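What follows is structure-v4.txt (compact mmCIF, C-alpha atoms).
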```txt
# COMPACT_ATOMS: atom_id res chain seq x y z
CA MET A 1472 66.68 126.72 97.27
CA GLY A 1473 63.60 127.59 99.35
CA LYS A 1474 60.79 129.86 98.19
CA LEU A 1475 59.16 132.72 100.09
CA TYR A 1476 56.17 134.66 98.82
CA VAL A 1477 55.46 138.10 100.26
CA VAL A 1478 51.71 138.43 99.77
CA GLY A 1479 49.50 141.50 99.90
CA ILE A 1480 46.05 140.25 100.91
CA GLY A 1481 44.28 143.52 100.14
CA PRO A 1482 42.01 145.37 102.58
CA GLY A 1483 40.98 142.24 104.45
CA GLY A 1484 37.93 140.80 102.72
CA LEU A 1485 38.53 137.63 100.72
CA ASP A 1486 36.55 139.10 97.81
CA TYR A 1487 39.23 141.75 97.32
CA MET A 1488 42.27 139.49 97.20
CA THR A 1489 43.90 138.94 93.83
CA LEU A 1490 43.53 135.50 92.28
CA LYS A 1491 47.31 135.10 92.49
CA ALA A 1492 47.41 135.93 96.21
CA LYS A 1493 44.67 133.42 96.98
CA LYS A 1494 46.35 130.71 94.85
CA VAL A 1495 49.72 131.20 96.55
CA ILE A 1496 48.26 131.01 100.07
CA GLU A 1497 46.37 127.86 99.16
CA GLU A 1498 49.50 126.18 97.77
CA VAL A 1499 52.24 127.04 100.29
CA ASP A 1500 53.17 124.87 103.26
CA VAL A 1501 53.40 127.63 105.87
CA VAL A 1502 51.72 131.05 106.31
CA VAL A 1503 53.35 133.71 108.50
CA GLY A 1504 51.72 136.93 109.64
CA TYR A 1505 50.34 139.26 112.28
CA THR A 1506 47.61 137.48 114.25
CA LYS A 1507 44.86 139.91 113.21
CA TYR A 1508 45.73 139.59 109.51
CA LEU A 1509 45.71 135.81 109.67
CA GLU A 1510 42.17 135.95 111.08
CA MET A 1511 41.10 137.81 107.94
CA ILE A 1512 42.13 134.88 105.73
CA LYS A 1513 41.23 132.08 108.15
CA PRO A 1514 39.18 130.10 105.56
CA LEU A 1515 42.36 129.71 103.48
CA LEU A 1516 44.48 128.38 106.35
CA GLU A 1517 42.93 124.96 106.91
CA ASN A 1518 45.62 122.27 107.15
CA LYS A 1519 48.34 124.93 107.02
CA GLU A 1520 51.20 125.41 109.41
CA VAL A 1521 50.81 128.95 110.76
CA PHE A 1522 53.27 131.22 112.55
CA ALA A 1523 51.75 134.35 114.11
CA THR A 1524 53.25 137.34 115.95
CA GLY A 1525 51.91 140.49 117.57
CA MET A 1526 51.61 143.91 115.95
CA ARG A 1527 55.20 145.03 116.49
CA GLY A 1528 56.83 141.69 115.74
CA GLU A 1529 57.68 142.55 112.13
CA GLU A 1530 61.39 141.75 112.24
CA ASP A 1531 60.88 138.49 114.16
CA ARG A 1532 58.12 137.56 111.72
CA CYS A 1533 60.31 138.17 108.67
CA ARG A 1534 63.33 136.36 110.09
CA LYS A 1535 61.15 133.38 111.00
CA ALA A 1536 59.58 133.31 107.51
CA LEU A 1537 63.03 133.31 105.87
CA GLU A 1538 64.26 130.60 108.20
CA ILE A 1539 61.28 128.33 107.51
CA ALA A 1540 61.52 129.01 103.77
CA LYS A 1541 64.91 127.28 103.58
CA ASP A 1542 63.03 123.97 103.75
CA LYS A 1543 59.39 124.73 102.89
CA THR A 1544 57.33 127.05 100.72
CA VAL A 1545 56.18 129.99 102.81
CA ALA A 1546 53.85 132.97 102.43
CA VAL A 1547 54.31 135.98 104.70
CA VAL A 1548 51.18 138.14 104.51
CA SER A 1549 50.49 141.85 104.85
CA THR A 1550 47.21 143.67 104.46
CA GLY A 1551 46.97 146.00 101.50
CA ASP A 1552 50.00 145.78 99.23
CA ALA A 1553 53.07 144.08 100.69
CA GLY A 1554 55.28 146.74 99.11
CA ILE A 1555 53.36 149.72 100.61
CA TYR A 1556 54.01 149.86 104.37
CA GLY A 1557 54.13 146.04 104.25
CA MET A 1558 56.73 143.33 104.70
CA ALA A 1559 58.36 143.32 101.25
CA GLY A 1560 61.14 145.78 102.00
CA LEU A 1561 62.20 144.17 105.28
CA ILE A 1562 62.15 140.69 103.74
CA LEU A 1563 64.42 141.84 100.89
CA GLN A 1564 66.78 143.55 103.32
CA LEU A 1565 67.10 140.35 105.35
CA GLN A 1566 67.14 137.91 102.40
CA ASN A 1567 70.15 135.70 101.73
CA LYS A 1568 69.85 135.10 97.99
CA ASP A 1569 71.81 131.87 98.22
CA GLU A 1570 69.24 130.32 100.55
CA VAL A 1571 65.77 131.68 99.74
CA GLU A 1572 64.10 132.97 96.57
CA VAL A 1573 61.59 135.77 97.19
CA GLU A 1574 58.56 136.63 95.06
CA ILE A 1575 56.31 139.61 95.87
CA ILE A 1576 52.57 139.32 95.20
CA PRO A 1577 50.86 142.74 95.03
CA GLY A 1578 47.53 143.59 96.62
CA VAL A 1579 44.98 146.42 96.87
CA THR A 1580 46.38 149.11 99.19
CA ALA A 1581 44.20 150.89 101.75
CA SER A 1582 44.01 154.21 99.89
CA SER A 1583 42.73 152.46 96.75
CA ALA A 1584 40.19 150.50 98.79
CA ALA A 1585 38.95 153.64 100.55
CA ALA A 1586 38.85 155.60 97.28
CA SER A 1587 36.64 153.00 95.60
CA ILE A 1588 34.00 153.47 98.31
CA ILE A 1589 33.77 157.26 98.16
CA GLY A 1590 34.05 157.87 94.42
CA ALA A 1591 37.15 158.84 92.44
CA PRO A 1592 39.34 161.01 94.68
CA LEU A 1593 42.71 159.72 93.43
CA MET A 1594 42.23 160.42 89.73
CA HIS A 1595 45.18 162.80 89.56
CA ASP A 1596 48.66 162.86 91.09
CA ASN A 1597 48.50 161.62 94.66
CA CYS A 1598 50.66 160.34 97.49
CA ASN A 1599 50.49 158.23 100.64
CA ILE A 1600 51.93 159.53 103.92
CA SER A 1601 51.94 157.62 107.21
CA LEU A 1602 51.56 159.67 110.38
CA SER A 1603 53.20 156.93 112.45
CA ASP A 1604 56.52 158.08 113.86
CA LEU A 1605 57.63 154.65 115.05
CA LEU A 1606 60.02 154.34 112.11
CA THR A 1607 60.04 157.90 110.70
CA PRO A 1608 60.94 161.13 112.56
CA TYR A 1609 57.92 163.37 113.04
CA ASP A 1610 59.74 166.43 111.65
CA LEU A 1611 60.26 164.53 108.38
CA ILE A 1612 56.58 163.52 108.31
CA LYS A 1613 55.52 167.18 108.67
CA LYS A 1614 57.96 168.21 105.94
CA ARG A 1615 56.47 165.65 103.57
CA ILE A 1616 52.94 166.85 104.35
CA LYS A 1617 53.94 170.45 103.68
CA LEU A 1618 55.61 169.64 100.36
CA ALA A 1619 52.74 167.38 99.24
CA ALA A 1620 50.23 170.11 100.06
CA GLU A 1621 52.32 172.76 98.33
CA GLY A 1622 52.63 170.49 95.28
CA ASP A 1623 48.82 170.10 95.15
CA PHE A 1624 48.90 166.32 95.55
CA ILE A 1625 45.83 164.47 96.74
CA ILE A 1626 47.03 163.12 100.11
CA SER A 1627 46.08 159.79 101.69
CA LEU A 1628 47.06 159.62 105.34
CA TYR A 1629 47.78 156.16 106.75
CA ASN A 1630 47.94 155.48 110.52
CA PRO A 1631 46.31 158.87 111.08
CA LYS A 1632 45.59 158.84 114.81
CA SER A 1633 46.51 156.76 117.84
CA ASN A 1634 46.32 157.17 121.60
CA GLY A 1635 50.05 157.83 121.70
CA ARG A 1636 49.93 160.65 119.11
CA PRO A 1637 46.43 162.16 119.24
CA HIS A 1638 47.45 165.56 117.83
CA TYR A 1639 49.40 164.62 114.71
CA LEU A 1640 46.37 164.58 112.41
CA LYS A 1641 45.20 168.00 113.62
CA GLU A 1642 48.67 169.38 113.00
CA ALA A 1643 48.75 167.83 109.53
CA ILE A 1644 45.41 169.42 108.67
CA GLU A 1645 46.65 172.82 109.84
CA ILE A 1646 49.64 172.50 107.50
CA ILE A 1647 47.38 171.54 104.58
CA LYS A 1648 45.07 174.52 105.28
CA GLU A 1649 47.89 176.83 104.24
CA TYR A 1650 47.56 175.50 100.67
CA ARG A 1651 43.89 174.47 100.25
CA ASN A 1652 40.59 176.32 100.56
CA GLU A 1653 37.89 175.45 103.11
CA ASP A 1654 35.74 173.60 100.53
CA THR A 1655 38.43 170.97 99.89
CA PRO A 1656 36.87 167.49 100.37
CA ILE A 1657 38.17 165.23 103.12
CA ALA A 1658 36.99 161.64 103.54
CA VAL A 1659 37.53 159.39 106.53
CA VAL A 1660 37.03 155.72 105.68
CA LYS A 1661 37.27 153.16 108.47
CA HIS A 1662 37.61 149.40 107.80
CA ALA A 1663 37.45 149.92 104.03
CA LEU A 1664 35.88 146.93 102.20
CA ARG A 1665 35.60 144.78 105.32
CA ASP A 1666 33.28 144.26 108.27
CA GLY A 1667 32.59 147.46 110.19
CA GLN A 1668 33.07 149.77 107.21
CA GLU A 1669 32.25 153.39 108.02
CA VAL A 1670 32.47 156.54 105.88
CA ASN A 1671 32.43 160.16 107.01
CA LEU A 1672 32.70 163.04 104.55
CA TYR A 1673 33.89 166.53 105.45
CA LYS A 1674 35.30 169.70 103.99
CA LEU A 1675 38.56 171.19 105.17
CA GLY A 1676 36.70 174.00 106.92
CA ASN A 1677 34.55 171.70 109.09
CA PHE A 1678 36.84 168.71 109.52
CA THR A 1679 36.89 166.93 112.86
CA ASP A 1680 39.04 163.97 113.82
CA GLU A 1681 36.51 162.46 116.27
CA LYS A 1682 35.76 159.51 113.96
CA VAL A 1683 39.40 158.78 113.10
CA ASP A 1684 41.46 155.91 114.47
CA MET A 1685 44.24 153.57 113.34
CA MET A 1686 41.79 151.57 111.22
CA SER A 1687 41.00 154.69 109.17
CA ILE A 1688 42.36 156.23 105.99
CA VAL A 1689 42.02 160.00 105.59
CA ILE A 1690 41.94 161.28 102.00
CA ILE A 1691 42.38 165.03 101.38
CA GLY A 1692 41.58 166.34 97.91
CA ASN A 1693 43.63 168.72 95.81
CA THR A 1694 42.58 172.24 94.81
CA ASN A 1695 40.30 170.89 92.06
CA SER A 1696 38.58 168.11 94.03
CA PHE A 1697 34.87 168.43 94.71
CA TYR A 1698 31.76 166.60 95.88
CA LYS A 1699 29.06 165.56 93.44
CA GLY A 1700 26.29 164.47 95.78
CA ASP A 1701 27.96 161.95 98.07
CA LYS A 1702 30.79 161.22 95.61
CA PHE A 1703 34.29 162.64 96.11
CA ILE A 1704 35.80 163.43 92.70
CA THR A 1705 39.15 164.75 91.56
CA PRO A 1706 38.96 165.68 87.88
CA ARG A 1707 41.84 164.60 85.70
CA GLY A 1708 41.39 167.35 83.12
CA TYR A 1709 38.71 165.99 80.79
CA HIS A 1710 36.46 168.76 79.46
CA VAL A 1711 32.97 167.57 80.43
```
Please, can you express the file's structure as structure tokens?
Amino acid sequence: MGKLYVVGIGPGGLDYMTLKAKKVIEEVDVVVGYTKYLEMIKPLLENKEVFATGMRGEEDRCRKALEIAKDKTVAVVSTGDAGIYGMAGLILQLQNKDEVEVEIIPGVTASSAAASIIGAPLMHDNCNISLSDLLTPYDLIKKRIKLAAEGDFIISLYNPKSNGRPHYLKEAIEIIKEYRNEDTPIAVVKHALRDGQEVNLYKLGNFTDEKVDMMSIVIIGNTNSFYKGDKFITPRGYHV
């Protein structure tokens, strides 16, 4: 039986990959992934067979990885964690258990990477919501934002703004304003823990989306979050 690893490579810098992820990529015969993600791990791909696809080639990528894995050991890579907006779910849906064994290797997801740069914003109950409506109806996305805001979750927004949906983030912020005060911290972290990293800190009352793009994560605090200098903190309940 063949073996396929679904590997989360973390935010994109080799320093932030897990030891297991690095070891697997070094040992497999073939690495499959989105072209841009493969560039991030290029030093690990010497003497490897590589299969690359474009941004929206996820299904083709997964089918190809499973096909190759019948005869060789294969790693299909995702940035962040492969099980959080990555390839793990699709691979498992397509897997034929009689032909290929699948092992999932976790990685550092984008919200964790961004949080480490700005302080400790995720110290209490939190959630991730993608604003991309390619695979999720926009009405459902807005419902999830409303319920997360009403439930006082810290909210990390993935895929927050693109040319095709420039207003979704503004609409999300307007929903959140119904449940949070104007001093609520909001951080925009672009290219977290990799080249081109950029951080912009706001409060809900003065937030602007001018610095936001698809390479950004937007983290909105809960009703107890605050800034201490340039650090974004959500207290967990310790009496200090």
For the contact check between segment 1659-1711 of chain A and segment 1595-1618 of chain A, emit one row per residue of segment 1659-1711 of chain A within 12 Å, containing the shortest atom pair and the distance in Å rounded to one decimal, counting only C-alpha atoms, chain then rising number order, as JSON lines.
```
{"residue": "A:Asp1684", "atom": "CA", "partner": "A:Leu1602", "partner_atom": "CA", "distance": 11.5}
{"residue": "A:Met1685", "atom": "CA", "partner": "A:Ser1603", "partner_atom": "CA", "distance": 9.6}
{"residue": "A:Ser1687", "atom": "CA", "partner": "A:Ser1601", "partner_atom": "CA", "distance": 11.5}
{"residue": "A:Ile1688", "atom": "CA", "partner": "A:Ser1601", "partner_atom": "CA", "distance": 9.8}
{"residue": "A:Val1689", "atom": "CA", "partner": "A:Asn1599", "partner_atom": "CA", "distance": 10.0}
{"residue": "A:Ile1690", "atom": "CA", "partner": "A:Asn1599", "partner_atom": "CA", "distance": 9.2}
{"residue": "A:Ile1691", "atom": "CA", "partner": "A:Asn1597", "partner_atom": "CA", "distance": 9.7}
{"residue": "A:Gly1692", "atom": "CA", "partner": "A:Asn1597", "partner_atom": "CA", "distance": 9.0}
{"residue": "A:Asn1693", "atom": "CA", "partner": "A:Asn1597", "partner_atom": "CA", "distance": 8.7}
{"residue": "A:Thr1694", "atom": "CA", "partner": "A:His1595", "partner_atom": "CA", "distance": 11.1}
{"residue": "A:Asn1695", "atom": "CA", "partner": "A:His1595", "partner_atom": "CA", "distance": 9.8}
{"residue": "A:Ser1696", "atom": "CA", "partner": "A:His1595", "partner_atom": "CA", "distance": 9.6}
{"residue": "A:Ile1704", "atom": "CA", "partner": "A:His1595", "partner_atom": "CA", "distance": 9.9}
{"residue": "A:Thr1705", "atom": "CA", "partner": "A:His1595", "partner_atom": "CA", "distance": 6.6}
{"residue": "A:Pro1706", "atom": "CA", "partner": "A:His1595", "partner_atom": "CA", "distance": 7.1}
{"residue": "A:Arg1707", "atom": "CA", "partner": "A:His1595", "partner_atom": "CA", "distance": 5.4}
{"residue": "A:Gly1708", "atom": "CA", "partner": "A:His1595", "partner_atom": "CA", "distance": 8.7}
{"residue": "A:Tyr1709", "atom": "CA", "partner": "A:His1595", "partner_atom": "CA", "distance": 11.4}
```
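Each of A:Thr1655, A:Lys1674, A:Leu1490, A:Ala1559 was compared to Glu1574 of chain A using only C-alpha atoms, and A:Ala1559 turns out to be the nearest.
Residue nearest Glu1572 of chain A within the list A:Leu1672, A:Ala1523, A:Val1545, A:Ala1619: A:Val1545 [criterion: smallest interatomic distance, all atoms listed in the file].
Shortest atom-to-atom contact with Leu1675 of chain A among A:Ala1663, A:Ala1643, A:Ile1657, A:Ile1589: A:Ile1657, counting all atoms listed in the file.
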Computed gap from atom CA of Ala1553 of chain A to atom CA of Lys1641 of chain A is 28.3 Å
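You will find atom CA of Glu1538 of chain A at 25.1 Å from atom CA of Gly1481 of chain A.
The coordinates place atom CA of Thr1580 of chain A at 4.9 Å from atom CA of Asp1552 of chain A.
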Name the closest residue to Leu1537 of chain A among the candidates A:Thr1524, A:Asn1518, A:Asn1567, A:Thr1489; distances are taken between atoms, counting only C-alpha atoms. A:Asn1567
